[in-house]
Amino acid sequence: MSQDQQGAGVQVGGTFVVTDGARRFEDRVAVVTGAARGIGQAVVERLVAEGATVYALDLRQAQLEETWAGVPQVTSIAVDVGDSAQVRAAFDRVRAEHGRLDALVTAAGISDAPWRSDPAIGGSPEPETIDDEAWDMVIRINLTGTFYCVRSAVPLIREAGERGGAIVTISSVGALAPYPLPAAYPASKAGVLGMTRAIAALLGKENIRINAVAPAATRTEMLPKDEELLAAMVALQPIPRVVPTSEMAATIVYLCTQEAQFITGQTVNVNGGMVM
Ligand SMILES: NC(=O)c1ccc[n+]([C@@H]2O[C@H](COP(=O)([O-])OP(=O)(O)OC[C@H]3O[C@@H](n4cnc5c(N)ncnc54)[C@H](O)[C@@H]3O)[C@@H](O)[C@H]2O)c1
C-alpha cells in the first residue's frame, strides 16, 4: 500500500481508493463477507485504506485469494455463509488472532439460485417457476447466512468493551420498491431489515449498532447483463444512474465509524431516491 503523491487516496491491491486521508479504522478489526468482488470488495478496500485489519470472507476461494494477494492487511477465508459451522470457524479464527471485533459488513448474497439461468434477470419472476430448492437457497444465503454472521460477531464485538462496534447488513431496494423480481430475493432482503431492527433494539445499550443499507443498481456482476433492462430499471430512480461500488462502500463504511455512533436500526437508502 502506498500513499498517492497527486491526490487524496491510497493504493489497495489493484485499486486506488479515494479518501480524504482519514484513518478512521486505525487499530480496528473488521470482517466483511462477499469480499471476493463487488460491493464487499470495495468495502474491504475502503476499510484498509483507512487503517483497518480485515478478514475477507467469500465462497469463491480462488477469486478471494486473487483479489487480496499482496494486501497484507487482509486475511482471506473461504466460507459459505449459509453453513453455520464454517461461519463459526471463521469467527473463531478472528477471536484467536485478535480477541475482538470492531465491525462486520455482510455483503455476501445472491440474486437467485444459480441454476435458474435466464441471464437477463436471473430467473423468471413468476412465483410458480421458483422451486423449493431455489427458494431455500436464496433465503439460506441472503437471510440465514447474514444472521449466522451477526450471531457470531456479537460476542466478539462485546470483547471490544464499552467502545462497542458496528454491523452493517446489506438489503436491497428490491425489498422496498415494487420491482417484479423473483420473490425469494426481496423476501430475503426484507427479512434482513426485520432482523437488523430487532437486533438494534436489543443491543443499542451495549453500544453495538446495526444498520442496513439498501442499494439500488450498483456496478457489479449481480446486475442484469441486459443493458436495456438495466437502463429501464435505473430510469425509475430520481437520480437515474448505476453507481460504482466505491460509492456504495463509502456509506457502508461511514455507518461503521464513530461518526455514526447515534445511528442504529436504520435502513439507509443508497438508491438514488428510489425509496423516500
Ligand atoms: N449490485 C447491485 O445492484 C445490488 C443491489 C442491491 C443489493 N445488492 C446486494 O449487495 C450485496 C453484494 O452484491 P454485489 O452486487 O457485490 O454482487 P457480487 O455477486 O459481485 O458479490 C457477491 C459476493 O457474495 C459471494 N457469495 C455468494 N454466496 C455466498 C455464500 N454462500 N457464502 C459466502 N459468499 C457468498 C459471491 O461469491 C460474491 O463474491 C448482495 O447482498 C446483494 O444482494 C446488490
# chains A, B, ... in the order shown; residues from 1 in each chain; ligands from 1

$ closest_atom_pairs --of "chain A" --to "ligand 1" --cutoff "6 Å" --atoms "only C-alpha atoms and all ligand atoms" --output "Markdown table"
| residue | atom | partner | partner_atom_place_in_ligand_line | distance |
| --- | --- | --- | --- | --- |
| A:Gly34 | CA | ligand 1 | 24 (O) | 3.5 |
| A:Ala35 | CA | ligand 1 | 39 (O) | 5.6 |
| A:Ala36 | CA | ligand 1 | 39 (O) | 4.4 |
| A:Arg37 | CA | ligand 1 | 39 (O) | 4.7 |
| A:Gly38 | CA | ligand 1 | 16 (O) | 3.4 |
| A:Ile39 | CA | ligand 1 | 16 (O) | 3.8 |
| A:Gly40 | CA | ligand 1 | 16 (O) | 5.7 |
| A:Asp58 | CA | ligand 1 | 34 (N) | 3.8 |
| A:Leu59 | CA | ligand 1 | 33 (C) | 4.0 |
| A:Arg60 | CA | ligand 1 | 37 (O) | 4.8 |
| A:Val79 | CA | ligand 1 | 33 (C) | 5.4 |
| A:Asp80 | CA | ligand 1 | 32 (N) | 3.5 |
| A:Val81 | CA | ligand 1 | 32 (N) | 4.0 |
| A:Gly82 | CA | ligand 1 | 31 (N) | 5.3 |
| A:Ala107 | CA | ligand 1 | 11 (C) | 4.4 |
| A:Ala108 | CA | ligand 1 | 24 (O) | 3.5 |
| A:Gly109 | CA | ligand 1 | 41 (O) | 3.7 |
| A:Ile110 | CA | ligand 1 | 27 (C) | 5.3 |
| A:Ser111 | CA | ligand 1 | 43 (O) | 5.8 |
| A:Ile141 | CA | ligand 1 | 31 (N) | 5.0 |
| A:Ile170 | CA | ligand 1 | 41 (O) | 5.4 |
| A:Ser171 | CA | ligand 1 | 7 (C) | 5.7 |
| A:Ser172 | CA | ligand 1 | 6 (C) | 4.0 |
| A:Val173 | CA | ligand 1 | 6 (C) | 6.0 |
| A:Pro215 | CA | ligand 1 | 6 (C) | 4.3 |
| A:Ala216 | CA | ligand 1 | 5 (C) | 4.6 |
| A:Ala217 | CA | ligand 1 | 3 (O) | 3.4 |
| A:Thr218 | CA | ligand 1 | 3 (O) | 3.7 |
| A:Arg219 | CA | ligand 1 | 1 (N) | 5.8 |
| A:Thr220 | CA | ligand 1 | 20 (O) | 4.7 |
| A:Glu221 | CA | ligand 1 | 20 (O) | 4.6 |
| A:Met222 | CA | ligand 1 | 17 (O) | 4.6 |
| A:Leu223 | CA | ligand 1 | 3 (O) | 5.4 |

$ residues_around --residues "region 95-97 of chain A" --least-positions-apart "6" --cutoff "12 Å" --atoms "only C-alpha atoms" --output "PDB file with N, CA and C atoms, in the first residue's frame"
ATOM      1  N   VAL A  29     -10.420  -3.919  13.820  1.00  0.00           N
ATOM      2  CA  VAL A  29     -10.521  -5.223  13.138  1.00  0.00           C
ATOM      3  C   VAL A  29     -11.923  -5.360  12.561  1.00  0.00           C
ATOM      4  N   ALA A  30     -12.005  -5.755  11.309  1.00  0.00           N
ATOM      5  CA  ALA A  30     -13.312  -5.883  10.655  1.00  0.00           C
ATOM      6  C   ALA A  30     -13.423  -7.218   9.928  1.00  0.00           C
ATOM      7  N   VAL A  31     -14.660  -7.687   9.807  1.00  0.00           N
ATOM      8  CA  VAL A  31     -14.964  -8.846   8.963  1.00  0.00           C
ATOM      9  C   VAL A  31     -15.916  -8.362   7.874  1.00  0.00           C
ATOM     10  N   THR A  53      -7.541  -3.702   9.822  1.00  0.00           N
ATOM     11  CA  THR A  53      -7.151  -5.077   9.525  1.00  0.00           C
ATOM     12  C   THR A  53      -8.454  -5.792   9.196  1.00  0.00           C
ATOM     13  N   VAL A  54      -8.502  -6.499   8.074  1.00  0.00           N
ATOM     14  CA  VAL A  54      -9.787  -7.036   7.613  1.00  0.00           C
ATOM     15  C   VAL A  54      -9.705  -8.526   7.316  1.00  0.00           C
ATOM     16  N   TYR A  55     -10.729  -9.245   7.755  1.00  0.00           N
ATOM     17  CA  TYR A  55     -10.929 -10.632   7.349  1.00  0.00           C
ATOM     18  C   TYR A  55     -11.951 -10.617   6.216  1.00  0.00           C
ATOM     19  N   THR A  75      -6.876 -10.803   5.453  1.00  0.00           N
ATOM     20  CA  THR A  75      -6.787 -12.258   5.554  1.00  0.00           C
ATOM     21  C   THR A  75      -8.003 -12.853   4.857  1.00  0.00           C
ATOM     22  N   ARG A  88     -18.862 -20.147  12.112  1.00  0.00           N
ATOM     23  CA  ARG A  88     -18.298 -20.181  13.472  1.00  0.00           C
ATOM     24  C   ARG A  88     -16.778 -20.311  13.421  1.00  0.00           C
ATOM     25  N   ALA A  89     -16.306 -21.206  12.540  1.00  0.00           N
ATOM     26  CA  ALA A  89     -14.858 -21.442  12.442  1.00  0.00           C
ATOM     27  C   ALA A  89     -14.129 -20.163  12.019  1.00  0.00           C
ATOM     28  N   SER A 152     -22.404 -14.714  15.231  1.00  0.00           N
ATOM     29  CA  SER A 152     -21.016 -14.974  15.631  1.00  0.00           C
ATOM     30  C   SER A 152     -20.270 -13.688  15.968  1.00  0.00           C
ATOM     31  N   ALA A 153     -20.658 -12.586  15.322  1.00  0.00           N
ATOM     32  CA  ALA A 153     -19.923 -11.331  15.522  1.00  0.00           C
ATOM     33  C   ALA A 153     -20.222 -10.683  16.869  1.00  0.00           C
ATOM     34  N   VAL A 154     -21.476 -10.777  17.323  1.00  0.00           N
ATOM     35  CA  VAL A 154     -21.878 -10.008  18.519  1.00  0.00           C
ATOM     36  C   VAL A 154     -21.002 -10.305  19.744  1.00  0.00           C
ATOM     37  N   PRO A 155     -20.774 -11.560  20.115  1.00  0.00           N
ATOM     38  CA  PRO A 155     -19.923 -11.789  21.298  1.00  0.00           C
ATOM     39  C   PRO A 155     -18.502 -11.264  21.115  1.00  0.00           C
ATOM     40  N   LEU A 156     -18.027 -11.283  19.896  1.00  0.00           N
ATOM     41  CA  LEU A 156     -16.671 -10.766  19.633  1.00  0.00           C
ATOM     42  C   LEU A 156     -16.635  -9.243  19.721  1.00  0.00           C
ATOM     43  N   ILE A 157     -17.707  -8.604  19.279  1.00  0.00           N
ATOM     44  CA  ILE A 157     -17.773  -7.141  19.396  1.00  0.00           C
ATOM     45  C   ILE A 157     -17.833  -6.757  20.877  1.00  0.00           C
ATOM     46  N   ARG A 158     -18.551  -7.568  21.663  1.00  0.00           N
ATOM     47  CA  ARG A 158     -18.604  -7.292  23.117  1.00  0.00           C
ATOM     48  C   ARG A 158     -17.202  -7.251  23.708  1.00  0.00           C
ATOM     49  N   GLU A 159     -16.298  -8.050  23.128  1.00  0.00           N
ATOM     50  CA  GLU A 159     -14.918  -8.097  23.636  1.00  0.00           C
ATOM     51  C   GLU A 159     -14.194  -6.767  23.427  1.00  0.00           C
ATOM     52  N   ALA A 160     -14.722  -5.926  22.527  1.00  0.00           N
ATOM     53  CA  ALA A 160     -14.104  -4.610  22.320  1.00  0.00           C
ATOM     54  C   ALA A 160     -14.425  -3.684  23.483  1.00  0.00           C
TER      55      ALA A 160
END

$ select_by_dssp --residues "region 15-218 of chain A" --states "strand (DSSP E or B)" --output "ChimeraX atom specification"
/A:15-18,29-33,53-58,74-78,103-106,165-170,208-215,218

$ residues_around --residues "Arg24 (chain A)" --least-positions-apart "5" --cutoff "12 Å" --atoms "only C-alpha atoms" --output "number ranges by chain"
A: 19, 29, 46-53, 102-103, 253-260

$ closest_residue --among "A:Ile263, A:Val268, A:Ala22, A:Ala235" --to "Arg209 (chain A)" --atoms "only C-alpha atoms"
A:Ile263

$ residues_around --residues "Trp135 (chain A)" --least-positions-apart "2" --cutoff "12 Å" --atoms "only C-alpha atoms" --output "count of residues only"
30
